[in-house]
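Below is one structure, written out as structure tokens; the observations come after it.
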Amino acid sequence: MSGSISVRGIGKAYRQWSSEWLRMASWVGFPSKPRSETWVLRDVSFSIQPGESVGIVGKNGAGKSTLLKLITGTTQPSEGTIERSGTIAAILELGMGFNPDLTGRQNTFHSAGLMGHSQAKIEAAMADIEAFADIGEYFDKPVRVYSSGMQSRVAFAVATAFRPDILIVDEALSVGDAYFQAKCFERIARYKSEGMTFILVTHSVGDVVKHCDRAIYISRGRVVRDGSPREVTNLYLDELFGRADSRVQPEVEVEQVLVPTRHDVFHERPGYRKEEHRWGGGGAKIVDFMVSAGGERYPHTIRSGQNAAFVFTARFDEAFDSVVPGFLLKTVEGHFVYGTNSVAAAGVEGVLPVSVGDVYTFRFELPMHVNEGVYLVSLGLSSGESPHELQPLDRRYDSILVSVQAGRAFSGLVDLQAKFSIGEYTHG
């Protein structure tokens with residue numbers, strides 16, 4: 001049946017040979033041993049039926065993109081077999097191999113031709129492709145002047161100009177704006193209703209749950225779980241953020257789990273990001289943290305609009321007349337969402353004098369009125385008499401990852417909670 005995929009025991013190894021002669025000998029079946037080999041996939045098996053929508057999740061380097069290249073036939077497995085039926089359209093890399101010196105229109109002819117469509121068929125669809133991409137006069141300019149979002153628009157428009165039996169999308173929609181993403185998923189939904197098989201590779205667990213019938217979780221080159229989107233994405237979040245402590249605790253007791261310590265235990269906490277940037281003049285150290293929402297410690301996800309507490313413990317090795325703790329929230333793309341400190345949040349009561357050996361716990365609590373996505377949390381300690389002349393003691397930038405799940409629908413990054421009403425006009 002058109003649109004089906006059967007993957008049986010496939011593996012992919014990248015090999016290095018001591019000579020090109022041995023490499024060529026291996027192509028014709030001559031027994032030869034490579035100098036080294038690295039397996040990126042091993043013993044992967046699953047089937048996808050016609051009309052199914054399947055999400056594939058996993059950390060960077062798990063083998064997802066390699067798997068898609070094997071499915072599309074752009075590379076061959078080192079072991080195992082893949083059977084596929086029907087036409088395949090795939091957006092595996094941004095730009096689909098566009099030539100940067102050709103225009104969007106010229107690249108459309110080239111890419112659609114490589115997909116097997118005739119010149120006449122492409123010309124007949126060109127107006128629709130141009131309209132769907134919606135990049136105006138840039139459609140006739142070289143691709144090298146395009147933004148990543150513009151490349152994504154043209155790539156998707158070309159790949160879906162003719163309904164394929166199987167559509168594969170690998171993170172290509174993540175660079176598009178919300179309007180374009182909605183338009184893409186509308187087209188995908190229409191094609192799915194007509195029987196198209198859809199494979200989505202993304203880091204957005206919300207998109208997997210919303211748009212897929214099932215999900216496959218890959219870790220270290222192997223299939224860990226194949227099941228319902230919610231079950232699989234929860235396992236993925238376990239790996240990404242660490243397994244949450246689901247014991248429900250009253251919010252007032254959150255601080256009690258952060259015991260005074262002279263050791264830095266950040267790396268032991270779920271959600272810690274080892275790529276953090278840490279700096280400061282010293283004299284104090286941030287040694288522990290806790291994220292809490294809905295009475296749950298280190299939750300996998302925080303609902304948009306839900307109150308969340310960000311608590312951290314600091315140890316002081318020097319005395320300071322005034323210490324100011326700080327908090328910062330950013331998107332993973334680096335956009336600042338919100339920042340505050342104890343003075344901004346509490347005024348003069350937010351300034352704390354400390355002595356050598358003191359250990360304090362600081363808490364910032366706020367409603368997470370942000371859209372669905374993954375966010376970076378930074379924590380800091382500073383000292384100084386004036387809010388404008390603070391000296392950093394210990395700052396841990398981008399040290400914590402938190403995932404926010406969509407609540408009520410809205411566009412943009414921050415929910416300003418607009419109110420709507422209707423008034424009836426009466427003639428006076």
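Quick note on naming: the chains in the structure tokens go A, B, ... in the order shown, residues restart at 1 in each chain, and ligands are numbered from 1 in order of appearance.
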
List the neighbours of range 298-309 of chain A out to 10 Å using only C-alpha atoms; skip same-chain residues closer than 2 positions along the sequence, and give me the result as a PDB file with C-alpha atoms, in the first residue's frame.
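Written file, around.pdb:
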ATOM      1  CA  ASN A 234       7.254  12.184  28.792  1.00  0.00           C
ATOM      2  CA  LEU A 235      10.142   9.718  28.532  1.00  0.00           C
ATOM      3  CA  TYR A 236      11.975  12.173  26.287  1.00  0.00           C
ATOM      4  CA  LEU A 237      11.464  14.940  28.842  1.00  0.00           C
ATOM      5  CA  ASP A 238      12.885  12.594  31.489  1.00  0.00           C
ATOM      6  CA  LEU A 240      16.154  16.117  28.665  1.00  0.00           C
ATOM      7  CA  PHE A 241      15.344  17.546  32.092  1.00  0.00           C
ATOM      8  CA  GLY A 242      15.897  14.635  34.458  1.00  0.00           C
ATOM      9  CA  ARG A 243      13.239  12.570  36.162  1.00  0.00           C
ATOM     10  CA  ALA A 244      10.963  14.777  38.182  1.00  0.00           C
ATOM     11  CA  ASP A 245      10.122  14.257  41.834  1.00  0.00           C
ATOM     12  CA  SER A 246       6.352  13.930  41.533  1.00  0.00           C
ATOM     13  CA  GLU A 251       4.352  25.442  48.211  1.00  0.00           C
ATOM     14  CA  VAL A 254       9.654  24.022  48.920  1.00  0.00           C
ATOM     15  CA  GLU A 255      12.586  25.691  50.680  1.00  0.00           C
ATOM     16  CA  ARG A 269      19.248  18.400  39.973  1.00  0.00           C
ATOM     17  CA  PRO A 270      16.777  17.698  37.135  1.00  0.00           C
ATOM     18  CA  GLY A 271      16.861  20.447  34.547  1.00  0.00           C
ATOM     19  CA  PHE A 289      18.291  25.190  43.217  1.00  0.00           C
ATOM     20  CA  MET A 290      14.704  24.002  43.025  1.00  0.00           C
ATOM     21  CA  VAL A 291      11.913  24.588  40.518  1.00  0.00           C
ATOM     22  CA  SER A 292       8.377  24.002  41.748  1.00  0.00           C
ATOM     23  CA  ALA A 293       4.945  24.352  40.156  1.00  0.00           C
ATOM     24  CA  GLY A 294       1.586  23.026  41.267  1.00  0.00           C
ATOM     25  CA  GLY A 295       3.217  21.470  44.339  1.00  0.00           C
ATOM     26  CA  GLU A 296       5.500  19.341  42.146  1.00  0.00           C
ATOM     27  CA  VAL A 311      14.402  28.771  44.673  1.00  0.00           C
ATOM     28  CA  PHE A 312      18.155  28.739  45.152  1.00  0.00           C
ATOM     29  CA  ARG A 363      12.812  32.465  46.254  1.00  0.00           C
ATOM     30  CA  PHE A 364      11.319  34.110  43.179  1.00  0.00           C
ATOM     31  CA  GLU A 365       7.699  33.213  42.493  1.00  0.00           C
ATOM     32  CA  LEU A 366       5.877  34.299  39.348  1.00  0.00           C
ATOM     33  CA  PRO A 367       3.065  33.271  36.993  1.00  0.00           C
ATOM     34  CA  MET A 368       4.532  31.797  33.802  1.00  0.00           C
ATOM     35  CA  HIS A 369       2.468  33.835  31.362  1.00  0.00           C
ATOM     36  CA  VAL A 370       4.595  32.760  28.398  1.00  0.00           C
ATOM     37  CA  ASN A 371       3.853  30.687  25.329  1.00  0.00           C
ATOM     38  CA  GLU A 372       4.709  27.033  24.904  1.00  0.00           C
ATOM     39  CA  GLY A 373       8.412  26.323  24.565  1.00  0.00           C
ATOM     40  CA  VAL A 374      11.669  25.635  26.361  1.00  0.00           C
ATOM     41  CA  VAL A 402      12.287  24.604  31.976  1.00  0.00           C
ATOM     42  CA  SER A 403       9.567  23.490  29.581  1.00  0.00           C
ATOM     43  CA  VAL A 404       6.270  25.371  29.344  1.00  0.00           C
ATOM     44  CA  GLN A 405       3.145  23.664  28.031  1.00  0.00           C
ATOM     45  CA  ALA A 406       0.443  25.628  26.236  1.00  0.00           C
ATOM     46  CA  GLY A 407      -2.483  26.825  28.288  1.00  0.00           C
ATOM     47  CA  ARG A 408      -5.011  29.096  26.620  1.00  0.00           C
ATOM     48  CA  ALA A 409      -4.318  29.969  22.998  1.00  0.00           C
ATOM     49  CA  VAL A 414       4.074  36.666  26.473  1.00  0.00           C
ATOM     50  CA  ASP A 415       0.403  36.405  27.453  1.00  0.00           C
ATOM     51  CA  GLN A 417      -4.174  38.485  29.210  1.00  0.00           C
TER      52      GLN A 417
END

message: I want to know what sits within 8 Å of Leu379 in chain A, based on only C-alpha atoms, with residues of the same chain fewer than 2 positions away left out; could you give that as a ChimeraX atom specification?
response: /A:325-328,377,381,395-397,399

- prompt: Which of these, A:Ala90, A:Lys12, A:Glu52, A:His117, has the shortest distance to Pro77 in chain A once you count only C-alpha atoms?
  reply: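 For Pro77 in chain A, the nearest of the given residues is A:Lys12.
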
- prompt: Interatomic distance between CA of Gly339 in chain A and CA of Phe410 in chain A?
  reply: 22.0 Å

- prompt: Can you list every residue in range 194-312 of chain A that DSSP puts in strand (DSSP E or B), as a PyMOL selection string?
  reply: chain A and resi 197-201+214-219+222-227+245-248+272+277-279+284-293+296-297+302-303+307-312

Output C-alpha atoms for every residue in that selection, as a compact mmCIF listing (two decimals), in the first residue's frame.
# COMPACT_ATOMS: atom_id res chain seq x y z
CA THR A 197 1.57 9.43 5.85
CA PHE A 198 3.35 12.06 7.94
CA ILE A 199 6.64 11.83 9.86
CA LEU A 200 7.64 14.76 12.06
CA VAL A 201 11.02 15.13 13.74
CA ARG A 214 2.08 7.87 17.82
CA ALA A 215 5.70 8.68 18.59
CA ILE A 216 9.09 6.99 18.54
CA TYR A 217 11.76 7.94 21.04
CA ILE A 218 15.38 7.40 19.98
CA SER A 219 18.35 7.61 22.34
CA ARG A 222 18.37 2.86 19.45
CA VAL A 223 14.58 2.90 19.77
CA VAL A 224 13.73 3.33 23.44
CA ARG A 225 9.96 3.47 23.13
CA ASP A 226 7.33 3.31 20.40
CA GLY A 227 3.91 4.27 21.69
CA ASP A 245 10.12 14.26 41.83
CA SER A 246 6.35 13.93 41.53
CA ARG A 247 5.62 13.98 45.25
CA VAL A 248 3.17 16.75 45.91
CA TYR A 272 20.47 21.50 35.20
CA HIS A 277 28.04 30.33 31.80
CA ARG A 278 29.27 31.04 35.32
CA TRP A 279 31.17 34.11 36.43
CA ALA A 284 29.61 33.83 47.54
CA LYS A 285 28.44 30.73 45.70
CA ILE A 286 25.06 29.58 44.45
CA VAL A 287 25.11 25.89 45.39
CA ASP A 288 21.60 24.48 44.94
CA PHE A 289 18.29 25.19 43.22
CA MET A 290 14.70 24.00 43.02
CA VAL A 291 11.91 24.59 40.52
CA SER A 292 8.38 24.00 41.75
CA ALA A 293 4.95 24.35 40.16
CA GLU A 296 5.50 19.34 42.15
CA ARG A 297 9.27 19.52 42.47
CA ILE A 302 4.91 24.01 33.66
CA ARG A 303 1.54 25.04 32.30
CA ASN A 307 2.57 29.92 39.25
CA ALA A 308 6.13 28.65 39.49
CA ALA A 309 8.72 29.05 42.23
CA PHE A 310 12.44 29.31 41.48
CA VAL A 311 14.40 28.77 44.67
CA PHE A 312 18.15 28.74 45.15

task: Record the distance separating CA of Ser378 in chain A and CA of Glu268 in chain A, expressed in Å with one decimal.
output: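 These two atoms are separated by 17.0 Å.
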
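For Val356 in chain A, the list of residues within 8 Å, based on only C-alpha atoms and with local chain neighbours fewer than 3 positions off taken out, reads A:Phe316, A:Asp317, A:Glu318, A:Ala319.
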
Print the selection's residues with C-alpha atoms to a file, as a short mmCIF file (atom, residue, chain, number, x, y, z; two decimals), in the first residue's frame.
data_model
loop_
_atom_site.label_atom_id
_atom_site.label_comp_id
_atom_site.auth_asym_id
_atom_site.auth_seq_id
_atom_site.Cartn_x
_atom_site.Cartn_y
_atom_site.Cartn_z
CA PHE A 316 28.73 33.20 51.72
CA ASP A 317 32.48 32.97 52.28
CA GLU A 318 32.84 36.70 52.88
CA ALA A 319 30.79 39.32 54.68
#

- request: Grab the CA of Gly384 in chain A to CA of Thr340 in chain A distance for me, in Å with one decimal place.
  value: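 We find that CA of Gly384 in chain A and CA of Thr340 in chain A lie 15.8 Å from each other.
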
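Distance check against Lys141 in chain A using only C-alpha atoms: of A:Ser383, A:Asn107, A:Ser2, A:Ser85, the minimum falls on A:Asn107.
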